[in-house]
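S.K.: File name coords22.csv; file contents CSV, C-alpha atoms; full text below.
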```csv
chain,number,residue,atom,x,y,z
A,28,MET,CA,6.5,-65.5,-59.4
A,29,ARG,CA,8.9,-64.6,-56.6
A,30,LEU,CA,11.8,-63.6,-59.0
A,31,LEU,CA,9.8,-61.0,-60.8
A,32,GLU,CA,8.2,-59.6,-57.6
A,33,GLU,CA,11.6,-59.2,-56.1
A,34,ARG,CA,12.9,-57.5,-59.2
A,35,ILE,CA,9.9,-55.0,-59.1
A,36,LEU,CA,10.6,-54.3,-55.5
A,37,ARG,CA,14.3,-53.7,-56.2
A,38,ASP,CA,14.2,-51.8,-59.5
A,39,GLY,CA,10.6,-50.6,-60.0
A,40,LYS,CA,9.5,-47.1,-59.1
A,41,VAL,CA,6.1,-46.0,-58.0
A,42,ARG,CA,5.0,-42.7,-59.4
A,43,PRO,CA,2.0,-40.6,-58.4
A,44,GLY,CA,-1.2,-41.6,-60.0
A,45,GLY,CA,-0.7,-45.3,-59.8
A,46,ILE,CA,2.1,-45.5,-62.3
A,47,LEU,CA,4.6,-48.3,-61.8
A,48,LYS,CA,7.8,-47.7,-63.7
A,49,VAL,CA,9.7,-50.8,-64.6
A,50,ASP,CA,11.5,-49.4,-67.6
A,51,GLY,CA,14.9,-50.5,-66.3
A,52,PHE,CA,14.2,-54.1,-67.0
A,53,LEU,CA,10.8,-54.7,-68.7
A,54,ASN,CA,9.7,-52.1,-71.2
A,55,HIS,CA,12.4,-49.6,-72.2
A,56,GLN,CA,15.6,-51.3,-71.1
A,57,MET,CA,14.9,-55.0,-71.4
A,58,ASP,CA,16.6,-57.7,-69.3
A,59,VAL,CA,16.5,-60.7,-71.7
A,60,THR,CA,17.8,-63.1,-69.1
A,61,LEU,CA,14.8,-62.3,-66.9
A,62,PHE,CA,12.6,-62.5,-70.0
A,63,ALA,CA,13.8,-66.1,-70.5
A,64,GLN,CA,12.8,-66.9,-66.9
A,65,LEU,CA,9.3,-65.4,-67.5
A,66,ALA,CA,9.0,-67.4,-70.7
A,67,ASP,CA,9.8,-70.6,-68.8
A,68,GLU,CA,6.8,-69.9,-66.4
A,69,TRP,CA,4.4,-69.3,-69.3
A,70,TYR,CA,5.7,-72.4,-71.0
A,71,ASP,CA,5.0,-74.5,-67.9
A,72,ALA,CA,1.5,-73.1,-67.8
A,73,PHE,CA,0.6,-73.5,-71.5
A,74,ARG,CA,2.9,-76.3,-72.7
A,75,ASN,CA,0.1,-78.8,-73.3
A,76,ASP,CA,-2.2,-76.4,-75.1
A,77,GLY,CA,-0.8,-76.8,-78.6
A,78,VAL,CA,0.2,-73.1,-79.0
A,79,ASN,CA,1.4,-72.5,-82.5
A,80,LYS,CA,1.4,-68.6,-82.5
A,81,ILE,CA,2.1,-65.9,-80.0
A,82,LEU,CA,0.2,-62.6,-80.5
A,83,THR,CA,1.3,-59.4,-78.9
A,84,ILE,CA,0.9,-55.7,-79.4
A,85,GLU,CA,3.6,-53.1,-80.2
A,86,ALA,CA,5.9,-52.0,-78.8
A,87,SER,CA,6.7,-53.3,-75.3
A,88,GLY,CA,5.1,-56.7,-75.7
A,89,ILE,CA,7.4,-57.7,-78.6
A,90,GLY,CA,10.5,-58.5,-76.6
A,91,LEU,CA,8.7,-60.8,-74.2
A,92,ALA,CA,6.8,-62.4,-77.0
A,93,CYS,CA,9.9,-63.2,-79.0
A,94,ILE,CA,11.7,-64.8,-76.1
A,95,ALA,CA,8.6,-66.8,-75.2
A,96,ALA,CA,8.2,-67.9,-78.8
A,97,GLN,CA,11.6,-69.5,-78.6
A,98,ARG,CA,10.3,-71.8,-75.8
A,99,PHE,CA,7.1,-72.6,-77.7
A,100,GLY,CA,8.9,-73.1,-81.0
A,101,CYS,CA,6.4,-70.9,-82.8
A,102,PRO,CA,6.3,-67.5,-84.6
A,103,VAL,CA,5.2,-64.2,-83.1
A,104,LEU,CA,2.7,-61.9,-84.6
A,105,PHE,CA,2.6,-58.3,-83.3
A,106,ALA,CA,-0.5,-56.2,-83.7
A,107,LYS,CA,0.3,-52.7,-85.0
A,108,LYS,CA,-1.1,-49.4,-83.8
A,109,THR,CA,-2.1,-47.3,-86.6
A,110,LYS,CA,-4.1,-44.2,-87.5
A,111,THR,CA,-4.3,-45.1,-91.1
A,112,LYS,CA,-7.6,-46.8,-92.1
A,113,ASN,CA,-6.8,-49.8,-94.2
A,114,ILE,CA,-9.7,-50.3,-96.5
A,115,ASP,CA,-8.4,-53.1,-98.8
A,116,GLY,CA,-9.8,-55.8,-96.5
A,117,SER,CA,-6.4,-57.5,-95.9
A,118,VAL,CA,-6.3,-56.8,-92.1
A,119,TYR,CA,-8.4,-57.5,-89.0
A,120,THR,CA,-9.0,-54.2,-87.1
A,121,THR,CA,-10.0,-53.5,-83.6
A,122,LEU,CA,-10.1,-50.3,-81.5
A,123,VAL,CA,-8.0,-50.0,-78.3
A,124,GLN,CA,-8.2,-47.1,-75.9
A,125,SER,CA,-5.0,-46.3,-74.2
A,126,PHE,CA,-5.6,-44.9,-70.7
A,127,THR,CA,-1.9,-44.1,-70.4
A,128,HIS,CA,-1.9,-41.9,-73.5
A,129,GLY,CA,-5.5,-40.9,-73.5
A,130,ARG,CA,-5.9,-42.0,-77.1
A,131,ILE,CA,-7.8,-44.5,-79.2
A,132,TYR,CA,-5.9,-46.5,-81.7
A,133,ASP,CA,-6.8,-48.8,-84.6
A,134,VAL,CA,-4.9,-52.0,-84.0
A,135,ILE,CA,-4.4,-54.3,-86.9
A,136,VAL,CA,-3.0,-57.6,-88.0
A,137,ALA,CA,-2.8,-59.0,-91.5
A,138,LYS,CA,-5.4,-61.6,-92.1
A,139,GLU,CA,-2.9,-63.9,-93.8
A,140,TYR,CA,-0.9,-64.4,-90.6
A,141,LEU,CA,-3.8,-65.2,-88.2
A,142,ARG,CA,-5.8,-68.2,-89.3
A,143,SER,CA,-8.7,-70.1,-88.1
A,144,THR,CA,-6.5,-73.1,-87.5
A,145,ASP,CA,-4.1,-71.1,-85.2
A,146,ARG,CA,-4.0,-71.8,-81.4
A,147,VAL,CA,-3.0,-68.4,-80.0
A,148,LEU,CA,-1.2,-67.4,-76.8
A,149,LEU,CA,-1.4,-63.7,-76.0
A,150,ILE,CA,1.7,-62.1,-74.4
A,151,ASP,CA,2.0,-58.6,-72.9
A,152,ASP,CA,4.0,-56.8,-70.3
A,153,PHE,CA,1.1,-55.2,-68.4
A,154,LEU,CA,-2.5,-55.9,-67.6
A,155,ALA,CA,-4.4,-53.0,-66.0
A,156,ASN,CA,-7.7,-51.8,-67.6
A,157,GLY,CA,-7.4,-54.6,-70.1
A,158,ALA,CA,-8.0,-52.6,-73.2
A,159,ALA,CA,-5.0,-53.9,-75.1
A,160,LEU,CA,-5.6,-57.5,-74.2
A,161,GLU,CA,-9.3,-57.2,-75.0
A,162,GLY,CA,-8.3,-55.9,-78.4
A,163,LEU,CA,-6.0,-58.8,-79.0
A,164,CYS,CA,-8.9,-61.2,-78.0
A,165,ASP,CA,-11.1,-59.5,-80.5
A,166,LEU,CA,-8.6,-60.0,-83.3
A,167,VAL,CA,-8.3,-63.7,-82.5
A,168,ARG,CA,-12.1,-64.0,-82.5
A,169,GLN,CA,-12.4,-62.2,-85.9
A,170,ALA,CA,-9.9,-64.7,-87.3
A,171,GLY,CA,-11.9,-67.6,-85.9
A,172,ALA,CA,-8.7,-68.9,-84.3
A,173,THR,CA,-8.5,-70.6,-80.9
A,174,LEU,CA,-7.6,-68.4,-78.0
A,175,VAL,CA,-5.5,-70.5,-75.6
A,176,GLY,CA,-4.9,-67.8,-73.0
A,177,ALA,CA,-2.7,-64.9,-72.0
A,178,GLY,CA,0.7,-64.6,-70.4
A,179,ILE,CA,1.2,-61.3,-68.6
A,180,ALA,CA,4.3,-60.1,-66.8
A,181,VAL,CA,2.7,-57.6,-64.4
A,182,GLU,CA,-1.0,-57.4,-63.5
A,183,LYS,CA,-2.4,-54.5,-61.5
A,184,CYS,CA,-5.2,-56.4,-59.8
A,185,PHE,CA,-6.7,-53.2,-58.4
A,186,GLN,CA,-7.7,-52.2,-61.9
A,187,PRO,CA,-10.6,-54.0,-63.6
A,188,GLY,CA,-9.1,-55.7,-66.7
A,189,GLY,CA,-8.1,-59.0,-65.2
A,190,GLU,CA,-11.3,-59.7,-63.5
A,191,ARG,CA,-13.4,-58.7,-66.5
A,192,LEU,CA,-11.5,-60.8,-68.9
A,193,ARG,CA,-11.4,-63.8,-66.6
A,194,ALA,CA,-15.2,-63.5,-66.3
A,195,GLN,CA,-15.3,-63.8,-70.1
A,196,GLY,CA,-13.5,-67.1,-69.9
A,197,LEU,CA,-9.9,-66.0,-70.7
A,198,ARG,CA,-7.2,-67.9,-68.9
A,199,ILE,CA,-4.6,-65.4,-67.7
A,200,GLU,CA,-1.3,-66.3,-66.2
A,201,SER,CA,0.2,-63.2,-64.6
A,202,LEU,CA,3.6,-63.6,-63.1
A,203,ALA,CA,3.5,-60.6,-60.7
A,204,ARG,CA,0.1,-59.6,-59.3
A,205,ILE,CA,0.0,-56.3,-57.6
A,206,LYS,CA,-2.8,-56.0,-55.0
A,207,SER,CA,-2.3,-52.4,-54.1
A,208,MET,CA,0.1,-49.5,-54.7
A,209,SER,CA,0.7,-46.2,-53.0
A,210,ASP,CA,3.4,-43.6,-53.3
A,211,ASP,CA,5.6,-45.4,-50.9
A,212,SER,CA,4.5,-49.0,-50.9
A,213,LEU,CA,3.5,-51.9,-53.1
A,214,GLU,CA,1.8,-55.1,-52.1
A,215,PHE,CA,1.5,-58.3,-54.1
A,216,MET,CA,-1.3,-60.8,-54.0
A,217,ASP,CA,-0.6,-63.9,-52.0
B,13,MET,CA,24.0,-64.4,-95.6
B,14,ARG,CA,22.6,-67.0,-98.0
B,15,LEU,CA,19.9,-68.2,-95.6
B,16,LEU,CA,18.3,-64.7,-95.3
B,17,GLU,CA,18.6,-64.0,-99.0
B,18,GLU,CA,16.8,-67.3,-99.9
B,19,ARG,CA,14.1,-66.5,-97.4
B,20,ILE,CA,13.6,-63.1,-99.0
B,21,LEU,CA,13.4,-64.6,-102.4
B,22,ARG,CA,10.9,-67.2,-101.2
B,23,ASP,CA,8.6,-65.2,-98.9
B,24,GLY,CA,9.3,-61.5,-99.6
B,25,LYS,CA,7.1,-59.5,-101.9
B,26,VAL,CA,8.2,-56.6,-104.0
B,27,ARG,CA,5.6,-53.8,-104.3
B,28,PRO,CA,5.6,-50.8,-106.6
B,29,GLY,CA,7.7,-47.9,-105.4
B,30,GLY,CA,10.6,-50.0,-104.1
B,31,ILE,CA,8.8,-51.5,-101.2
B,32,LEU,CA,10.0,-54.9,-100.1
B,33,LYS,CA,7.4,-56.6,-97.9
B,34,VAL,CA,9.0,-59.2,-95.5
B,35,ASP,CA,6.2,-59.1,-93.0
B,36,GLY,CA,5.7,-62.8,-93.1
B,37,PHE,CA,8.9,-63.5,-91.2
B,38,LEU,CA,10.7,-60.3,-90.2
B,39,ASN,CA,8.6,-57.3,-89.1
B,40,HIS,CA,5.0,-58.3,-88.5
B,41,GLN,CA,5.0,-62.0,-88.2
B,42,MET,CA,8.4,-62.8,-86.8
B,43,ASP,CA,10.3,-66.1,-87.2
B,44,VAL,CA,12.4,-66.3,-84.1
B,45,THR,CA,14.2,-69.4,-85.3
B,46,LEU,CA,15.5,-67.3,-88.2
B,47,PHE,CA,16.2,-64.4,-85.8
B,48,ALA,CA,18.5,-66.7,-83.8
B,49,GLN,CA,20.4,-67.5,-86.9
B,50,LEU,CA,20.8,-63.8,-87.8
B,51,ALA,CA,21.9,-63.2,-84.2
B,52,ASP,CA,24.6,-65.8,-84.6
B,53,GLU,CA,26.0,-63.9,-87.6
B,54,TRP,CA,26.0,-60.6,-85.7
B,55,TYR,CA,27.7,-62.3,-82.8
B,56,ASP,CA,30.4,-63.7,-85.0
B,57,ALA,CA,31.0,-60.2,-86.4
B,58,PHE,CA,31.1,-58.3,-83.1
B,59,ARG,CA,31.9,-60.9,-80.4
B,60,ASN,CA,35.3,-59.4,-79.7
B,61,ASP,CA,34.1,-55.8,-79.3
B,62,GLY,CA,32.9,-55.9,-75.7
B,63,VAL,CA,29.3,-55.1,-76.5
B,64,ASN,CA,27.4,-54.6,-73.3
B,65,LYS,CA,24.2,-53.0,-74.7
B,66,ILE,CA,22.1,-53.3,-77.7
B,67,LEU,CA,20.2,-50.3,-78.9
B,68,THR,CA,17.3,-50.5,-81.3
B,69,ILE,CA,14.2,-48.5,-82.2
B,70,GLU,CA,10.6,-49.4,-81.8
B,71,ALA,CA,8.8,-51.4,-83.1
B,72,SER,CA,10.2,-53.8,-85.6
B,73,GLY,CA,13.8,-53.8,-84.3
B,74,ILE,CA,12.8,-55.0,-80.9
B,75,GLY,CA,12.4,-58.7,-81.6
B,76,LEU,CA,15.7,-58.9,-83.5
B,77,ALA,CA,17.5,-57.0,-80.7
B,78,CYS,CA,16.2,-59.2,-78.0
B,79,ILE,CA,17.2,-62.4,-79.7
B,80,ALA,CA,20.6,-60.9,-80.4
B,81,ALA,CA,21.0,-59.7,-76.8
B,82,GLN,CA,20.7,-63.3,-75.7
B,83,ARG,CA,23.8,-64.1,-77.7
B,84,PHE,CA,25.7,-61.2,-76.4
B,85,GLY,CA,24.5,-61.6,-72.8
B,86,CYS,CA,23.5,-58.0,-72.5
B,87,PRO,CA,20.3,-56.0,-72.1
B,88,VAL,CA,18.4,-54.2,-74.9
B,89,LEU,CA,17.4,-50.6,-74.9
B,90,PHE,CA,14.8,-49.5,-77.4
B,91,ALA,CA,14.4,-45.9,-78.4
B,92,LYS,CA,10.8,-44.7,-78.4
B,93,LYS,CA,9.1,-42.6,-81.0
B,94,THR,CA,7.1,-39.9,-79.4
B,95,LYS,CA,5.3,-36.7,-80.2
B,96,THR,CA,5.5,-35.5,-76.6
B,97,LYS,CA,8.3,-33.1,-75.8
B,98,ASN,CA,10.0,-34.3,-72.6
B,99,ILE,CA,11.3,-31.2,-70.9
B,100,ASP,CA,12.5,-32.6,-67.6
B,101,GLY,CA,16.0,-33.4,-69.0
B,102,SER,CA,15.9,-37.1,-68.2
B,103,VAL,CA,16.1,-38.3,-71.8
B,104,TYR,CA,18.3,-37.9,-74.9
B,105,THR,CA,16.3,-36.8,-77.9
B,106,THR,CA,16.9,-36.9,-81.6
B,107,LEU,CA,14.8,-36.3,-84.7
B,108,VAL,CA,14.2,-39.0,-87.2
B,109,GLN,CA,12.4,-38.5,-90.5
B,110,SER,CA,10.4,-41.6,-91.6
B,111,PHE,CA,10.3,-41.8,-95.4
B,112,THR,CA,7.9,-44.7,-95.2
B,113,HIS,CA,5.4,-42.7,-93.2
B,114,GLY,CA,6.3,-39.2,-94.3
B,115,ARG,CA,6.6,-38.0,-90.7
B,116,ILE,CA,9.3,-36.6,-88.4
B,117,TYR,CA,9.5,-38.2,-84.9
B,118,ASP,CA,11.2,-37.3,-81.7
B,119,VAL,CA,13.1,-40.4,-80.7
B,120,ILE,CA,14.1,-40.7,-77.1
B,121,VAL,CA,16.0,-42.9,-74.6
B,122,ALA,CA,16.2,-42.4,-70.9
B,123,LYS,CA,19.7,-41.0,-69.9
B,124,GLU,CA,20.0,-43.4,-67.0
B,125,TYR,CA,20.1,-46.5,-69.4
B,126,LEU,CA,22.6,-45.2,-71.8
B,127,ARG,CA,25.9,-44.4,-70.1
B,128,SER,CA,29.3,-43.1,-71.3
B,129,THR,CA,30.8,-46.5,-70.2
B,130,ASP,CA,28.5,-48.4,-72.5
B,131,ARG,CA,29.7,-50.2,-75.7
B,132,VAL,CA,26.7,-50.2,-77.9
B,133,LEU,CA,25.7,-52.3,-80.8
B,134,LEU,CA,22.8,-51.0,-82.9
B,135,ILE,CA,20.3,-53.5,-84.3
B,136,ASP,CA,17.5,-52.9,-86.8
B,137,ASP,CA,15.6,-54.8,-89.4
B,138,PHE,CA,16.1,-52.4,-92.4
B,139,LEU,CA,18.7,-49.9,-93.6
B,140,ALA,CA,17.6,-47.8,-96.6
B,141,ASN,CA,17.8,-44.0,-96.2
B,142,GLY,CA,19.5,-44.4,-92.9
B,143,ALA,CA,17.4,-41.9,-90.9
B,144,ALA,CA,16.6,-44.3,-88.1
B,145,LEU,CA,20.1,-45.6,-87.8
B,146,GLU,CA,21.6,-42.1,-87.9
B,147,GLY,CA,19.2,-41.1,-85.1
B,148,LEU,CA,20.4,-44.0,-82.9
B,149,CYS,CA,24.0,-43.0,-83.6
B,150,ASP,CA,23.2,-39.5,-82.4
B,151,LEU,CA,21.7,-40.8,-79.2
B,152,VAL,CA,24.9,-42.9,-78.5
B,153,ARG,CA,27.0,-39.8,-79.3
B,154,GLN,CA,25.0,-37.6,-76.9
B,155,ALA,CA,25.5,-40.2,-74.1
B,156,GLY,CA,29.2,-40.3,-74.8
B,157,ALA,CA,29.0,-44.0,-75.2
B,158,THR,CA,31.1,-46.1,-77.5
B,159,LEU,CA,29.5,-47.0,-80.8
B,160,VAL,CA,30.7,-50.5,-81.7
B,161,GLY,CA,28.7,-50.8,-85.0
B,162,ALA,CA,25.4,-51.8,-86.4
B,163,GLY,CA,23.8,-55.2,-87.2
B,164,ILE,CA,21.2,-54.9,-90.0
B,165,ALA,CA,19.0,-57.6,-91.4
B,166,VAL,CA,18.2,-56.1,-94.8
B,167,GLU,CA,20.1,-53.3,-96.5
B,168,LYS,CA,18.8,-51.6,-99.6
B,169,CYS,CA,22.1,-50.7,-101.1
B,170,PHE,CA,20.5,-48.7,-103.9
B,171,GLN,CA,19.4,-46.2,-101.2
B,172,PRO,CA,22.0,-43.9,-99.7
B,173,GLY,CA,21.9,-44.7,-96.0
B,174,GLY,CA,24.6,-47.4,-95.8
B,175,GLU,CA,27.1,-45.5,-97.9
B,176,ARG,CA,26.7,-42.3,-96.0
B,177,LEU,CA,27.0,-43.9,-92.6
B,178,ARG,CA,30.0,-46.1,-93.5
B,179,ALA,CA,31.6,-42.9,-94.8
B,180,GLN,CA,31.1,-41.5,-91.3
B,181,GLY,CA,33.0,-44.4,-89.9
B,182,LEU,CA,30.2,-46.7,-88.8
B,183,ARG,CA,30.8,-50.4,-89.1
B,184,ILE,CA,27.7,-52.0,-90.5
B,185,GLU,CA,27.1,-55.7,-90.8
B,186,SER,CA,24.1,-56.2,-93.1
B,187,LEU,CA,23.0,-59.8,-93.6
B,188,ALA,CA,21.1,-59.4,-96.9
B,189,ARG,CA,22.3,-56.6,-99.2
B,190,ILE,CA,19.9,-55.8,-102.0
B,191,LYS,CA,21.6,-54.3,-105.1
B,192,SER,CA,18.5,-53.6,-107.1
B,193,MET,CA,14.8,-54.2,-107.1
B,194,SER,CA,12.1,-53.9,-109.7
B,195,ASP,CA,8.5,-55.0,-109.8
B,196,ASP,CA,9.5,-58.5,-110.9
B,197,SER,CA,13.1,-59.0,-109.8
B,198,LEU,CA,15.4,-58.6,-106.9
B,199,GLU,CA,19.2,-58.8,-107.1
B,200,PHE,CA,21.6,-59.1,-104.1
B,201,MET,CA,25.1,-57.8,-103.9
B,202,ASP,CA,27.8,-60.4,-104.5
```
Before anything else, please render the file you have as structure tokens.
M.R.:
Amino acid sequence: MRLLEERILRDGKVRPGGILKVDGFLNHQMDVTLFAQLADEWYDAFRNDGVNKILTIEASGIGLACIAAQRFGCPVLFAKKTKTKNIDGSVYTTLVQSFTHGRIYDVIVAKEYLRSTDRVLLIDDFLANGAALEGLCDLVRQAGATLVGAGIAVEKCFQPGGERLRAQGLRIESLARIKSMSDDSLEFMD
Amino acid sequence: MRLLEERILRDGKVRPGGILKVDGFLNHQMDVTLFAQLADEWYDAFRNDGVNKILTIEASGIGLACIAAQRFGCPVLFAKKTKTKNIDGSVYTTLVQSFTHGRIYDVIVAKEYLRSTDRVLLIDDFLANGAALEGLCDLVRQAGATLVGAGIAVEKCFQPGGERLRAQGLRIESLARIKSMSDDSLEFMD
């Protein structure tokens, strides 16, 4: 998506260690006008798939998911990161390793909001190693719901998550696909 | 706001210890159609105040803030909870004590996204003891920005936050104001 690529080139900052900072418009300050344009793209891609629930993970996926949900006319469910073991059986739980923060989280959703009849679209801001997205896939699988696909804003194609998850059959629509990054340049996939 | 009160009575659950669970539509699963109606109310209240930024706190305020930002035509900034001391001076920091989780967080925003020229509306899902909202006020104060007011979905008026912050001069527009709660009843303010 040209619009998002141009925005990344204009306002994104590349930091040492392969960090792309887009916190001026995507995941700290959030440009909801841009979000609506991203949502339109995901809606074009998944409009015929009967999506009735959008699943994301806190915190930075929530804004994108809510704006996208308006297009799809469905609710959002956001998975929560927690260190508290919930033992009453009311939640689905999966483990997600954060490479950014060097931690492993339990990620949970309440069973009552993710049903076997749901047709679920995943939404998140970034796809890199794929740990968060894989965790969301696992929650959908535990619920016996139908996984329609994933809408991602920025995919780092030089990290292995996208390839691994596509090989598992996940349909992923990433709106900006970064082929390579160095301290002074950034190249998108064709 | 009658619509939100009715929704709370229909889908909310009161748990022992003064816990109101509204995670079916407000802060786990999120009904974005309802959110747009809440946003309309906040817009009616603050439309003439020149709001050019909405500030919220992760995670459950983000969805409400993004839908409201569409009405105001402005970006959202969400304050992040962190345990990492940021010592490079690029962020405003405040301490917030979570009564729900029994913890104290550092809450931060990047200085570059909160400017003295900003006219800031705070948005959050709950107001009870007021710790989170007070933290957001402090961040706005540190930035020298103008604090327009706060839009809250559910205020627990039997807890002290709203009264204390109004006494400090904060204009608060809460859309459902709970007067009292017990295990089997819930009463709203007139």
S.K.: Calculated over only C-alpha atoms, which of the candidates A:Gln97, A:Ser209, A:Asn75, A:Thr121 has the smallest distance to chain B?
M.R.: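 Under the stated criterion, the closest residue is A:Gln97.
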S.K.: Select, as JSON, numbers by chain, those residues of chain B with any atom no more than 8 Å from chain A (distances computed using only C-alpha atoms).
M.R.: {"B": [36, 40, 41, 42, 43, 44, 45, 70, 71, 74, 75, 78, 79, 81, 82, 85, 86, 87, 88, 89, 90, 91, 121, 125]}
S.K.: For atom CA of Asp23 of chain B and atom CA of Met201 of chain B, determine how far apart the two atoms are, in Å to one decimal place.
M.R.: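 According to the coordinates, atom CA of Asp23 of chain B and atom CA of Met201 of chain B are separated by 18.8 Å.
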S.K.: Got a sec: who's within 10 Å of Ile35 of chain A, counting all atoms listed in the file, leaving out chain neighbours fewer than 3 positions off, as a PDB file with C-alpha atoms, in the frame of the given file?
M.R.:
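Saved to selection_34.pdb:
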```pdb
ATOM      1  CA  ARG A  29       8.900 -64.600 -56.600  1.00  0.00           C
ATOM      2  CA  LEU A  30      11.800 -63.600 -59.000  1.00  0.00           C
ATOM      3  CA  LEU A  31       9.800 -61.000 -60.800  1.00  0.00           C
ATOM      4  CA  GLU A  32       8.200 -59.600 -57.600  1.00  0.00           C
ATOM      5  CA  ASP A  38      14.200 -51.800 -59.500  1.00  0.00           C
ATOM      6  CA  GLY A  39      10.600 -50.600 -60.000  1.00  0.00           C
ATOM      7  CA  LYS A  40       9.500 -47.100 -59.100  1.00  0.00           C
ATOM      8  CA  VAL A  41       6.100 -46.000 -58.000  1.00  0.00           C
ATOM      9  CA  LEU A  47       4.600 -48.300 -61.800  1.00  0.00           C
ATOM     10  CA  LYS A  48       7.800 -47.700 -63.700  1.00  0.00           C
ATOM     11  CA  VAL A  49       9.700 -50.800 -64.600  1.00  0.00           C
ATOM     12  CA  GLY A  51      14.900 -50.500 -66.300  1.00  0.00           C
ATOM     13  CA  PHE A  52      14.200 -54.100 -67.000  1.00  0.00           C
ATOM     14  CA  LEU A  53      10.800 -54.700 -68.700  1.00  0.00           C
ATOM     15  CA  VAL A 181       2.700 -57.600 -64.400  1.00  0.00           C
ATOM     16  CA  ALA A 203       3.500 -60.600 -60.700  1.00  0.00           C
ATOM     17  CA  LEU A 213       3.500 -51.900 -53.100  1.00  0.00           C
TER      18      LEU A 213
END
```
S.K.: Would you compute the distance between atom CA of Val119 of chain B and atom CA of Ala51 of chain B? Give it in Å to one decimal.
M.R.: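 For atom CA of Val119 of chain B relative to atom CA of Ala51 of chain B, the distance reads 24.7 Å.
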S.K.: Need to verify the contact set: Glu167 of chain B, 8 Å, all atoms listed in the file, exclusion of same-chain residues closer than 6 positions in sequence. Can you return it as JSON, numbers by chain?
M.R.: {"B": [138, 139, 140, 174, 186, 187, 188, 189, 190]}
S.K.: For those residues, write C-alpha atoms to a file as a PDB file, keeping the file's coordinate frame.
M.R.:
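So out_1.pdb came out as:
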```pdb
ATOM      1  CA  PHE B 138      16.100 -52.400 -92.400  1.00  0.00           C
ATOM      2  CA  LEU B 139      18.700 -49.900 -93.600  1.00  0.00           C
ATOM      3  CA  ALA B 140      17.600 -47.800 -96.600  1.00  0.00           C
ATOM      4  CA  GLY B 174      24.600 -47.400 -95.800  1.00  0.00           C
ATOM      5  CA  SER B 186      24.100 -56.200 -93.100  1.00  0.00           C
ATOM      6  CA  LEU B 187      23.000 -59.800 -93.600  1.00  0.00           C
ATOM      7  CA  ALA B 188      21.100 -59.400 -96.900  1.00  0.00           C
ATOM      8  CA  ARG B 189      22.300 -56.600 -99.200  1.00  0.00           C
ATOM      9  CA  ILE B 190      19.900 -55.800-102.000  1.00  0.00           C
TER      10      ILE B 190
END
```
S.K.: Work out how far atom CA of Arg146 of chain A is from atom CA of Val78 of chain A, in Å to one decimal.
M.R.: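 It comes out at 5.0 Å.
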S.K.: Could you give me the axis-aligned bounding box of segment 41-53 of chain B, with 5 Å of padding per side, as centre plus edge lengths in Å to one decimal, as lines of an AutoDock Vina configuration file?
M.R.:
```
center_x = 15.5
center_y = -65.7
center_z = -86.0
size_x = 31.0
size_y = 17.4
size_z = 14.4
```
S.K.: Choose the residue, out of B:Glu18, B:Asp130, B:Asp136, B:Asp150, that has the smallest atom-to-atom separation from Leu107 of chain B; count only C-alpha atoms.
M.R.: B:Asp150
S.K.: Select segment 161-171 of chain B in the preceding structure and write N, CA and C atoms to a file as a tab-separated table (two decimals), in the first residue's frame.
M.R.:
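Final file, decode.tsv:
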```tsv
chain	number	residue	atom	x	y	z
B	161	GLY	N	-10.51	18.61	29.31
B	161	GLY	CA	-11.42	17.86	30.17
B	161	GLY	C	-11.23	16.38	29.96
B	162	ALA	N	-12.18	15.61	30.49
B	162	ALA	CA	-12.09	14.15	30.41
B	162	ALA	C	-13.44	13.56	30.04
B	163	GLY	N	-13.41	12.64	29.11
B	163	GLY	CA	-14.59	11.85	28.75
B	163	GLY	C	-14.43	10.44	29.28
B	164	ILE	N	-15.36	10.05	30.15
B	164	ILE	CA	-15.29	8.75	30.83
B	164	ILE	C	-16.54	7.95	30.47
B	165	ALA	N	-16.37	6.65	30.25
B	165	ALA	CA	-17.55	5.84	29.98
B	165	ALA	C	-18.31	5.58	31.29
B	166	VAL	N	-17.66	4.96	32.26
B	166	VAL	CA	-18.35	4.55	33.49
B	166	VAL	C	-17.65	5.14	34.71
B	167	GLU	N	-18.39	5.93	35.46
B	167	GLU	CA	-17.83	6.47	36.71
B	167	GLU	C	-18.49	5.81	37.90
B	168	LYS	N	-17.65	5.32	38.80
B	168	LYS	CA	-18.16	4.79	40.07
B	168	LYS	C	-18.16	5.95	41.06
B	169	CYS	N	-19.33	6.58	41.22
B	169	CYS	CA	-19.40	7.82	42.00
B	169	CYS	C	-19.25	7.58	43.50
B	170	PHE	N	-19.32	6.31	43.89
B	170	PHE	CA	-19.13	6.00	45.31
B	170	PHE	C	-17.65	5.83	45.64
B	171	GLN	N	-16.80	5.97	44.65
B	171	GLN	CA	-15.36	6.02	44.91
B	171	GLN	C	-14.88	7.45	44.68
```
